[in-house]
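File shown: model_1.cif. Contents: mmCIF, C-alpha atoms and all ligand atoms.
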```
data_my_file
loop_
_atom_site.label_atom_id
_atom_site.label_comp_id
_atom_site.auth_asym_id
_atom_site.auth_seq_id
_atom_site.Cartn_x
_atom_site.Cartn_y
_atom_site.Cartn_z
CA MET C 299 42.13 45.63 235.40
CA LYS C 300 39.71 48.26 234.18
CA LYS C 301 39.13 51.52 236.01
CA ASP C 302 35.70 52.17 237.52
CA THR C 303 35.09 55.83 236.75
CA SER C 304 31.82 55.90 238.69
CA VAL C 305 33.68 55.86 242.05
CA LYS C 306 35.94 58.76 242.95
CA TRP C 307 37.40 59.62 246.32
CA GLU C 308 39.87 62.15 247.61
CA PRO C 309 42.95 60.63 249.30
CA LYS C 310 44.29 62.40 252.38
CA ASP C 311 47.73 62.30 253.95
CA PRO C 312 47.53 60.12 257.09
CA SER C 313 48.79 63.07 259.18
CA GLU C 314 45.49 64.85 258.40
CA LEU C 315 43.38 61.96 259.72
CA ASP C 316 41.91 61.81 263.21
CA LEU C 317 40.84 58.19 263.61
CA SER C 318 39.85 58.30 267.25
CA ASN C 319 36.31 57.23 266.29
CA VAL C 320 37.54 54.18 264.40
CA ARG C 321 37.32 50.73 265.97
CA ALA C 322 38.73 48.18 263.56
CA ALA C 323 39.23 44.42 263.58
CA ILE C 324 41.92 43.28 261.16
CA PHE C 325 41.79 39.55 260.49
CA GLY C 326 45.39 38.86 259.42
CA GLY C 327 46.52 42.08 261.08
CA THR C 328 49.50 40.32 262.66
CA GLY C 329 51.60 40.26 259.46
CA GLY C 330 52.25 41.79 256.05
CA LEU C 331 49.69 44.22 254.67
CA GLY C 332 47.16 43.76 257.47
CA ARG C 333 49.84 44.59 260.02
CA ALA C 334 50.93 47.69 258.10
CA ILE C 335 47.29 48.86 257.98
CA SER C 336 46.79 48.10 261.69
CA ARG C 337 49.83 50.14 262.69
CA GLN C 338 48.85 53.03 260.45
CA LEU C 339 45.30 53.10 261.90
CA ALA C 340 46.57 52.85 265.49
CA GLU C 341 49.09 55.63 264.96
CA ARG C 342 46.22 57.93 263.96
CA GLY C 343 44.25 57.11 267.12
CA ALA C 344 42.11 54.10 266.09
CA ASP C 345 41.46 51.18 268.43
CA VAL C 346 42.57 48.08 266.57
CA LEU C 347 42.07 44.38 267.23
CA VAL C 348 44.34 42.08 265.23
CA VAL C 349 43.52 38.40 264.75
CA GLY C 350 46.25 35.95 263.77
CA ARG C 351 48.71 33.45 265.15
CA THR C 352 51.70 35.60 266.14
CA PHE C 353 51.49 39.04 267.76
CA ARG C 354 54.30 41.37 266.71
CA ASP C 355 53.06 44.80 267.87
CA GLN C 356 53.43 44.75 271.64
CA ASP C 357 54.90 48.25 271.34
CA MET C 358 51.55 49.67 270.16
CA GLU C 359 49.18 50.49 273.01
CA LYS C 360 46.18 50.86 270.66
CA ILE C 361 46.59 47.39 269.12
CA LYS C 362 45.05 44.41 270.90
CA PHE C 363 45.56 40.78 269.88
CA LEU C 364 43.24 37.80 269.56
CA LYS C 365 45.10 34.58 268.83
CA ALA C 366 43.52 32.14 266.39
CA ASP C 367 44.52 29.55 263.84
CA LEU C 368 42.10 30.50 261.08
CA SER C 369 42.85 27.39 259.03
CA LEU C 370 40.10 25.81 261.14
CA VAL C 371 36.43 26.60 260.66
CA THR C 372 35.84 25.84 264.34
CA GLU C 373 38.39 28.52 265.23
CA ALA C 374 36.75 31.06 262.91
CA ASP C 375 33.46 30.19 264.59
CA ARG C 376 35.01 30.70 268.06
CA VAL C 377 36.47 34.05 267.03
CA ALA C 378 33.10 35.12 265.62
CA ASN C 379 31.56 34.39 269.01
CA GLU C 380 34.25 36.34 270.87
CA ILE C 381 34.20 39.57 268.85
CA PRO C 382 31.57 42.12 269.90
CA ALA C 383 30.83 43.19 266.31
CA LYS C 384 28.24 45.77 267.33
CA TYR C 385 30.94 48.14 268.60
CA PHE C 386 33.16 47.99 265.49
CA THR C 387 33.26 50.51 262.65
CA HIS C 388 35.55 48.52 260.33
CA PHE C 389 36.50 44.95 259.52
CA VAL C 390 39.44 44.24 257.22
CA PHE C 391 40.16 40.70 255.98
CA THR C 392 43.78 40.07 255.00
CA THR C 393 44.35 36.55 256.34
CA GLY C 394 45.95 34.40 253.72
CA ILE C 395 48.58 32.10 252.27
CA ILE C 396 49.30 30.83 248.76
CA ALA C 397 48.66 27.16 248.12
CA ALA C 398 51.67 24.84 248.39
CA PRO C 399 53.08 22.97 245.36
CA LYS C 400 51.52 19.79 246.81
CA ARG C 401 47.93 19.79 248.12
CA GLU C 402 47.71 20.36 251.91
CA GLU C 403 44.66 19.52 254.01
CA THR C 404 43.56 20.84 257.39
CA ALA C 405 42.43 18.62 260.26
CA GLU C 406 38.87 19.40 259.13
CA GLY C 407 39.49 17.98 255.63
CA LEU C 408 39.72 21.32 253.83
CA GLU C 409 42.34 22.37 251.29
CA ARG C 410 44.57 24.66 253.37
CA ASP C 411 44.70 27.76 251.14
CA MET C 412 40.93 27.76 250.64
CA ALA C 413 40.43 27.29 254.40
CA ILE C 414 42.73 30.15 255.48
CA SER C 415 42.41 32.64 252.63
CA TYR C 416 38.68 32.34 252.06
CA LEU C 417 36.52 30.04 254.24
CA SER C 418 37.61 31.68 257.51
CA ARG C 419 36.48 35.00 256.01
CA TYR C 420 33.22 33.47 254.80
CA VAL C 421 32.41 32.21 258.31
CA LEU C 422 33.41 35.44 260.09
CA MET C 423 31.67 37.63 257.56
CA ASN C 424 28.37 35.81 257.67
CA GLN C 425 28.28 35.48 261.43
CA LEU C 426 29.38 39.02 262.21
CA ALA C 427 28.10 41.24 259.37
CA PRO C 428 24.48 41.26 260.60
CA HIS C 429 25.68 42.78 263.91
CA LEU C 430 28.51 45.00 262.71
CA GLY C 431 28.19 48.51 264.12
CA GLU C 432 24.74 47.86 265.64
CA SER C 433 25.60 50.08 268.60
CA LEU C 434 26.89 52.98 266.51
CA PRO C 435 24.78 56.09 265.88
CA LYS C 436 22.32 55.37 263.08
CA ASP C 437 22.95 58.74 261.41
CA GLY C 438 26.72 58.11 261.10
CA PRO C 439 28.64 56.38 258.29
CA LYS C 440 27.79 52.74 257.65
CA PRO C 441 30.13 50.15 259.15
CA LYS C 442 32.57 48.99 256.50
CA VAL C 443 34.15 45.69 255.52
CA PHE C 444 37.21 45.47 253.25
CA ILE C 445 38.09 42.10 251.75
CA MET C 446 41.64 41.84 250.40
CA GLY C 447 42.53 39.48 247.58
CA PHE C 448 42.95 40.01 243.86
CA PRO C 449 39.53 41.30 242.73
CA GLY C 450 38.97 42.72 239.28
CA SER C 451 41.66 40.49 237.77
CA GLY C 452 39.21 38.40 235.75
CA GLN C 453 39.40 35.22 237.85
CA THR C 454 36.16 33.24 237.88
CA GLY C 455 37.54 30.12 239.57
CA ASN C 456 35.67 26.85 239.84
CA PRO C 457 32.93 26.92 242.49
CA GLU C 458 32.22 23.23 241.85
CA ASP C 459 35.65 22.19 243.13
CA MET C 460 36.35 24.56 246.00
CA ASN C 461 38.19 21.87 247.96
CA SER C 462 40.45 21.01 245.00
CA GLU C 463 39.43 17.37 245.15
CA ALA C 464 38.86 16.89 241.41
CA SER C 465 42.10 18.58 240.47
CA TYR C 466 44.89 20.45 242.25
CA GLY C 467 47.42 23.00 241.13
CA ALA C 468 48.91 25.61 243.48
CA ILE C 469 48.07 28.51 241.20
CA SER C 470 44.64 27.30 240.04
CA THR C 471 43.67 26.53 243.65
CA HIS C 472 44.88 29.94 244.80
CA MET C 473 42.98 31.60 241.95
CA ASN C 474 39.87 29.79 243.16
CA THR C 475 40.33 31.56 246.53
CA VAL C 476 40.76 34.84 244.63
CA ALA C 477 37.47 34.35 242.78
CA ALA C 478 35.70 33.19 245.95
CA ASN C 479 36.81 36.32 247.84
CA GLU C 480 35.56 38.58 245.08
CA ALA C 481 32.29 36.62 245.10
CA LEU C 482 32.11 37.21 248.87
CA VAL C 483 32.27 40.97 248.29
CA LEU C 484 29.54 40.80 245.64
CA ASP C 485 27.33 38.56 247.77
CA ALA C 486 27.73 40.64 250.95
CA THR C 487 26.91 43.83 249.04
CA LYS C 488 23.42 42.44 248.40
CA ARG C 489 22.96 40.34 251.50
CA TYR C 490 23.97 42.97 254.09
CA PRO C 491 22.56 46.40 253.27
CA ASN C 492 23.31 47.44 256.89
CA ILE C 493 27.02 47.62 256.02
CA ALA C 494 29.19 48.62 253.05
CA THR C 495 31.52 45.97 251.63
CA PHE C 496 34.54 46.58 249.39
CA GLY C 497 37.27 44.59 247.62
CA LEU C 498 40.97 45.45 247.87
CA ASN C 499 43.56 44.41 245.30
CA PRO C 500 47.03 45.37 246.61
CA GLY C 501 48.96 44.19 243.54
CA LEU C 502 52.45 42.80 244.22
CA ILE C 503 54.04 43.83 247.52
CA LYS C 504 56.96 42.23 249.37
CA THR C 505 55.49 40.22 252.28
CA ASP C 506 55.41 36.60 253.51
CA ILE C 507 52.42 35.64 251.32
CA ARG C 508 54.43 33.56 248.83
CA ASN C 509 56.37 31.57 251.49
CA ASN C 510 54.11 28.53 251.38
CA TYR C 511 54.48 28.36 247.59
CA LEU C 512 58.11 29.37 247.03
CA GLY C 513 59.52 27.89 250.27
CA GLU C 514 60.32 30.21 253.17
CA GLY C 515 63.94 31.40 253.02
CA SER C 516 64.68 29.54 249.76
CA ILE C 517 66.91 31.16 247.15
CA LEU C 518 63.93 31.43 244.81
CA SER C 519 61.81 33.10 247.51
CA ARG C 520 64.54 35.57 248.46
CA THR C 521 65.17 36.46 244.82
CA VAL C 522 61.48 36.96 244.00
CA GLU C 523 60.84 39.05 247.13
CA TRP C 524 63.99 41.11 246.53
CA ILE C 525 62.80 41.95 243.01
CA ILE C 526 59.26 42.75 244.22
CA GLY C 527 60.71 44.90 247.01
CA TRP C 528 62.71 46.94 244.52
CA THR C 529 60.03 47.33 241.88
CA HIS C 530 56.85 47.78 243.93
CA GLN C 531 55.63 49.88 246.85
CA SER C 532 56.23 48.80 250.45
CA PRO C 533 53.49 47.55 252.83
CA ALA C 534 53.75 50.86 254.75
CA ASP C 535 53.27 52.94 251.58
CA TYR C 536 50.26 50.87 250.57
CA ALA C 537 48.81 51.15 254.09
CA LYS C 538 49.05 54.94 254.03
CA LYS C 539 46.83 55.10 250.95
CA ILE C 540 44.40 52.47 252.17
CA CYS C 541 43.88 54.01 255.62
CA SER C 542 42.66 57.16 253.95
CA LEU C 543 40.33 55.06 251.77
CA LEU C 544 38.98 53.13 254.77
CA VAL C 545 37.57 56.30 256.31
CA SER C 546 36.79 58.31 253.18
CA PRO C 547 33.23 59.73 253.18
CA ASP C 548 33.40 59.63 249.35
CA ILE C 549 32.89 55.86 249.23
CA GLU C 550 29.63 56.00 251.20
CA GLY C 551 26.95 54.65 248.89
CA HIS C 552 29.42 52.64 246.78
CA SER C 553 29.18 49.25 248.50
CA GLY C 554 30.60 46.59 246.17
CA ALA C 555 33.39 48.82 244.81
CA MET C 556 36.87 47.34 244.35
CA PHE C 557 40.16 49.24 244.63
CA ASP C 558 43.62 48.65 243.13
CA CYS C 559 47.05 49.04 244.73
CA TYR C 560 46.85 52.84 244.54
CA GLY C 561 43.29 52.98 245.81
CA ASN C 562 41.81 53.64 242.37
CA ALA C 563 38.38 52.10 241.87
CA ILE C 564 38.39 49.15 239.45
CA LEU C 565 35.62 47.14 237.84
CA GLN C 566 34.68 43.70 239.13
CA SER C 567 35.66 40.61 237.16
CA PRO C 568 33.01 40.27 234.45
CA GLY C 569 32.74 36.47 234.74
CA LEU C 570 31.52 36.64 238.33
CA THR C 571 27.87 36.68 237.38
CA PRO C 572 25.16 36.36 240.06
CA GLU C 573 24.89 32.63 239.19
CA VAL C 574 28.61 32.05 239.72
CA VAL C 575 28.51 34.06 242.98
CA ASP C 576 25.54 32.00 244.21
CA ASN C 577 27.39 28.79 243.38
CA PHE C 578 30.40 29.92 245.39
CA MET C 579 28.18 30.73 248.38
CA LYS C 580 26.21 27.47 248.13
CA ASN C 581 29.37 25.37 247.95
CA SER C 582 31.08 27.40 250.70
CA LYS C 583 28.22 26.56 253.00
CA ALA C 584 28.46 22.88 252.08
CA LEU C 585 32.19 22.83 252.91
CA VAL C 586 31.66 24.62 256.21
CA VAL C 587 28.85 22.24 257.20
CA ARG C 588 31.11 19.32 256.33
CA ALA C 589 33.97 20.72 258.41
CA LEU C 590 31.75 21.46 261.40
CA ALA C 591 30.16 18.02 261.22
CA LYS C 592 33.46 16.77 262.62
CA LYS C 593 32.67 18.73 265.79
CA PRO C 594 29.47 17.19 267.15
CA ASP C 595 27.98 20.04 269.18
CA GLU C 596 25.68 22.99 268.76
CA THR C 597 28.21 24.81 266.53
CA ALA C 598 26.93 23.10 263.39
CA SER C 599 23.49 24.61 263.88
CA LYS C 600 24.95 28.12 263.64
CA VAL C 601 26.32 27.71 260.13
CA PRO C 602 25.99 31.02 258.30
CA VAL C 603 23.83 31.77 255.29
N1 LIG F 701 51.59 40.74 249.05
C1 LIG F 701 51.19 40.54 247.81
O1 LIG F 701 51.99 40.60 246.86
C2 LIG F 701 49.76 40.27 247.53
C3 LIG F 701 49.32 40.24 246.20
C4 LIG F 701 47.98 40.01 245.92
C5 LIG F 701 47.10 39.77 246.95
N2 LIG F 701 47.55 39.78 248.24
C6 LIG F 701 46.57 39.48 249.29
O2 LIG F 701 46.74 40.36 250.39
C7 LIG F 701 46.31 39.69 251.60
C8 LIG F 701 47.39 39.89 252.66
O3 LIG F 701 48.55 39.21 252.26
P1 LIG F 701 50.00 39.62 252.80
O4 LIG F 701 50.82 39.90 251.61
O5 LIG F 701 49.89 40.61 253.87
O6 LIG F 701 50.46 38.21 253.41
P2 LIG F 701 51.32 37.84 254.70
O7 LIG F 701 52.43 38.82 254.90
O8 LIG F 701 51.72 36.42 254.51
O9 LIG F 701 50.27 37.98 255.90
C9 LIG F 701 49.25 37.05 256.02
C10 LIG F 701 48.52 37.20 257.32
O10 LIG F 701 47.66 36.05 257.41
C11 LIG F 701 47.85 35.48 258.69
N3 LIG F 701 47.67 34.02 258.65
C12 LIG F 701 48.22 33.12 257.80
N4 LIG F 701 47.85 31.88 258.13
C13 LIG F 701 47.05 32.00 259.22
C14 LIG F 701 46.35 31.08 260.04
N5 LIG F 701 46.41 29.74 259.83
N6 LIG F 701 45.61 31.54 261.07
C15 LIG F 701 45.54 32.87 261.31
N7 LIG F 701 46.18 33.80 260.57
C16 LIG F 701 46.92 33.36 259.55
C17 LIG F 701 49.26 35.82 259.11
O11 LIG F 701 49.27 35.81 260.53
P3 LIG F 701 50.42 35.12 261.40
O12 LIG F 701 51.72 35.61 260.84
O13 LIG F 701 50.12 35.63 262.78
O14 LIG F 701 50.23 33.67 261.24
C18 LIG F 701 49.40 37.23 258.55
O15 LIG F 701 48.87 38.16 259.48
C19 LIG F 701 46.05 38.25 251.20
O16 LIG F 701 44.67 38.11 250.98
C20 LIG F 701 46.78 38.10 249.88
O17 LIG F 701 46.22 37.10 249.06
C21 LIG F 701 48.85 40.02 248.55
#
```
Whole structure, structure tokens version:
Amino acid sequence: MKKDTSVKWEPKDPSELDLSNVRAAIFGGTGGLGRAISRQLAERGADVLVVGRTFRDQDMEKIKFLKADLSLVTEADRVANEIPAKYFTHFVFTTGIIAAPKREETAEGLERDMAISYLSRYVLMNQLAPHLGESLPKDGPKPKVFIMGFPGSGQTGNPEDMNSEASYGAISTHMNTVAANEALVLDATKRYPNIATFGLNPGLIKTDIRNNYLGEGSILSRTVEWIIGWTHQSPADYAKKICSLLVSPDIEGHSGAMFDCYGNAILQSPGLTPEVVDNFMKNSKALVVRALAKKPDETASKVPV
């Protein structure tokens, strides 16, 4: 990953931050990195809504929970209709899995990793971004969206086979979600000038993300996670840096920037040209339309983009 020297910001210790003006929705805030970020924000006074399947932070008064299985486009659509985006200052997308060794399909006919790690974000982003922060003072900072994945790593994916129907491999399919998420950042940067959109690349951190690939609780999984835990930063350490980034005034005016595991700005993947980004968006829409067609009601008419 190459450094982006055009974006500089000054990190602050979380203890110096007053986040009482922050209202954040963390999609995937129930586990792993999203959860660590949610707790860090809430501890500094932010109001946080976490979206996921299992709530684990009942001890935190400032964290509210919206239950959803975001493997389903219809669920992402429901959540988009339930969240009053106009009041929020921040959205963070961390929902994800890694593709299984054998292709898995959701009830809507979508490859499961693509559905959870990318298409849910595509639906939520495009339905909510136009309204994000609409009620906030116009002279304040722009509402911000942070999309976590593996941006800047050079993945260009294959937008022509987003459902892994032509060929499937756990890693190549997951890398297609990586490229699609970076494309979502680049697309939103142009499409939604009312907000600022950023990519987050956390690097390797010990969480549950590899369970679907390595097998939850398997010897291989425990060994890999043990090594990652010893050699890399913890979710809480990463969250401390990223919370400061989320509210830094220095990134105003840098929509489209991507940040590595220490919060340093990095360059986008060079292969994600505007044509490739457009192809990802066009084919995302086609997959979402196809999934919603299984639900014969007015939902299909609200397909984003
Ligand atoms: N950790 C790493 O080493 C690493 C490296 C590179 C990139 N990343 C990226 O960082 C992001 C966060 O990953 P993580 O490490 O925090 O993973 P994680 O610990 O596995 O957390 C994933 C989150 O996604 C949610 N989720 C999974 N399936 C869901 C579903 N069907 N419906 C709703 N929510 C669902 C989980 O919620 P529930 O538990 O409530 O289901 C959890 O909150 C991902 O985009 C990942 O690709 C992580």
What's the separation between atom CA of C:Lys580 and atom CA of C:Asp459, in Å to one decimal place? 11.9 Å
Could you check which of C:Ala334, C:Ile540, C:Val545, C:Leu518 is closest to ligand LIG 701 (chain F), using all atoms listed in the file? C:Ala334
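If only C-alpha atoms and all ligand atoms are the atoms counted, then among C:Met579, C:Ile493, C:Leu544, C:Cys559 the closest residue to ligand LIG 701 (chain F) is C:Cys559.
Going from atom CA of C:Val421 to atom CA of C:Ala374 covers 6.4 Å.
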Could I get the residues of chain C with an atom no further than 8 Å from an atom of ligand LIG 701 (chain F), each paired with its nearest atom pair and that distance in Å to one decimal, using all atoms listed in the file, sorted by chain and residue number, as CSV?
```
residue,atom,partner,partner_atom,distance
C:Phe325,CA,F:LIG701,N7,7.2
C:Gly326,CA,F:LIG701,O15,3.6
C:Gly327,CA,F:LIG701,O15,4.8
C:Thr328,CA,F:LIG701,O15,3.9
C:Gly329,CA,F:LIG701,O15,3.4
C:Gly330,CA,F:LIG701,O7,3.2
C:Leu331,CA,F:LIG701,O5,3.7
C:Gly332,CA,F:LIG701,O5,5.5
C:Arg333,CA,F:LIG701,O15,6.5
C:Val349,CA,F:LIG701,N7,6.8
C:Gly350,CA,F:LIG701,N7,3.9
C:Arg351,CA,F:LIG701,O13,3.5
C:Thr352,CA,F:LIG701,O13,3.7
C:Phe353,CA,F:LIG701,O13,6.2
C:Lys365,CA,F:LIG701,C15,7.7
C:Ala366,CA,F:LIG701,C15,5.5
C:Asp367,CA,F:LIG701,N6,3.6
C:Leu368,CA,F:LIG701,N6,3.7
C:Ser369,CA,F:LIG701,N5,4.3
C:Leu370,CA,F:LIG701,N5,7.5
C:Phe391,CA,F:LIG701,O16,7.2
C:Thr392,CA,F:LIG701,C7,4.3
C:Thr393,CA,F:LIG701,O10,3.5
C:Gly394,CA,F:LIG701,O10,4.4
C:Ile395,CA,F:LIG701,C12,5.6
C:Ile396,CA,F:LIG701,O17,7.0
C:Ile414,CA,F:LIG701,N5,5.7
C:Ser415,CA,F:LIG701,O16,6.1
C:Ile445,CA,F:LIG701,O16,7.7
C:Met446,CA,F:LIG701,O16,4.8
C:Gly447,CA,F:LIG701,O16,4.2
C:Phe448,CA,F:LIG701,C5,5.2
C:Val476,CA,F:LIG701,O17,7.4
C:Asn499,CA,F:LIG701,C5,6.1
C:Pro500,CA,F:LIG701,C4,5.5
C:Gly501,CA,F:LIG701,C3,4.8
C:Leu502,CA,F:LIG701,O1,3.5
C:Ile503,CA,F:LIG701,O1,3.9
C:Lys504,CA,F:LIG701,N1,5.6
C:Thr505,CA,F:LIG701,O7,4.3
C:Asp506,CA,F:LIG701,O8,3.8
C:Ile507,CA,F:LIG701,O8,3.4
C:Arg508,CA,F:LIG701,O8,6.9
C:Asn509,CA,F:LIG701,O8,7.4
C:Pro533,CA,F:LIG701,O5,7.9
```
Can you work out which one of C:Val348, C:Val371, C:Leu543, C:Val574 has the shortest atom-to-atom distance to C:Glu480, counting only C-alpha atoms? C:Val574
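Nearest-residue note for C:Val346: choosing from C:Thr387, C:Thr404, C:Asn379, C:Ser553, the minimum distance belongs to C:Thr387, counting all atoms listed in the file.
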Point (37.7, 29.5, 237.3), cut-off 8 Å, counting all atoms listed in the file, residues as a ChimeraX atom specification: /C:453-457,470,473-474,477
Padding of 5 Å on every side, edges along x, y and z, all listed atoms of stretch 428-447 of chain C included: what centre and edge lengths in Å, to one decimal, does that box have, as JSON?
```
{"center_x": 32.4, "center_y": 49.1, "center_z": 258.1, "size_x": 30.2, "size_y": 29.3, "size_z": 31.0}
```
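The closest residue to C:Tyr511, picked from C:Trp307, C:Phe444, C:His472, C:Gln425 and counting all atoms listed in the file, is C:His472.
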Judged by all atoms listed in the file, the minimum distance to C:Val320 among C:Leu585, C:Cys541, C:Met460, C:Leu417 is found for C:Cys541
